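Enquirer: One structure follows; several queries about it will come next.
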Amino acid sequence: MLLTTFNIAKTRANAERNNHSVSTHNLLTRGCVTTITNPKVLLFFISFFPQFVAVEGQHHAASFFILGIAYAMVGFMTDVTFAIVAGGAVSKVTKSVTLQKLLYRLVGTTFIGLGIRLALSRR
């Protein structure tokens with residue numbers, strides 16, 4: 001119920017808010033802080049990576065390093081792809097107030113629906 005109420009209020013606030021630009025440096029800093037302080041990332045690496053390192057092997061540190069580099073490269077490539085796609089779409093979204101309102105309502109409705117589904121689910 002709280003999620004539903006929050007998302008209704010957030011959807012209304014976003015629809016009425018003025019657009020303001022945020023610097024790229026500010027966005028990058030927020031993203032780095034969020035990633036570094038996210039305990040799920042650490043738990044993922046602790047639980048997922050060891051299964052790819054042979055216990056009998058001699059170079060455990062090198063194996064973890066190579067896995068980390070491979071993971072970083074795959075992540076970088078997907079991030080670049082998303083950035084290119086989003087960069088192409090941003091001009092259309094920022095120029096159309098109707099499209100902005102539609103997207104706010106679509107995302108808000110989705111979260112409201114997920115909140116209702118969560119409230120009605122059985123444990």
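Each chain of the structure tokens is named A, B, ... in the order shown, its residues numbered from 1; ligands are numbered from 1 in display order.
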Write out as an MDAnalysis selection string all residues of chain A that DSSP puts in helix (DSSP H, G or I) for this structure's backbone.

Expert: chainID A and resid 2:16 24:36 39:52 60:95 97:120

Enquirer: Ranking A:Ile116, A:Tyr71, A:Leu106, A:Val22 by minimum distance to Phe48 of chain A and counting only C-alpha atoms, which one comes first?

Expert: A:Tyr71
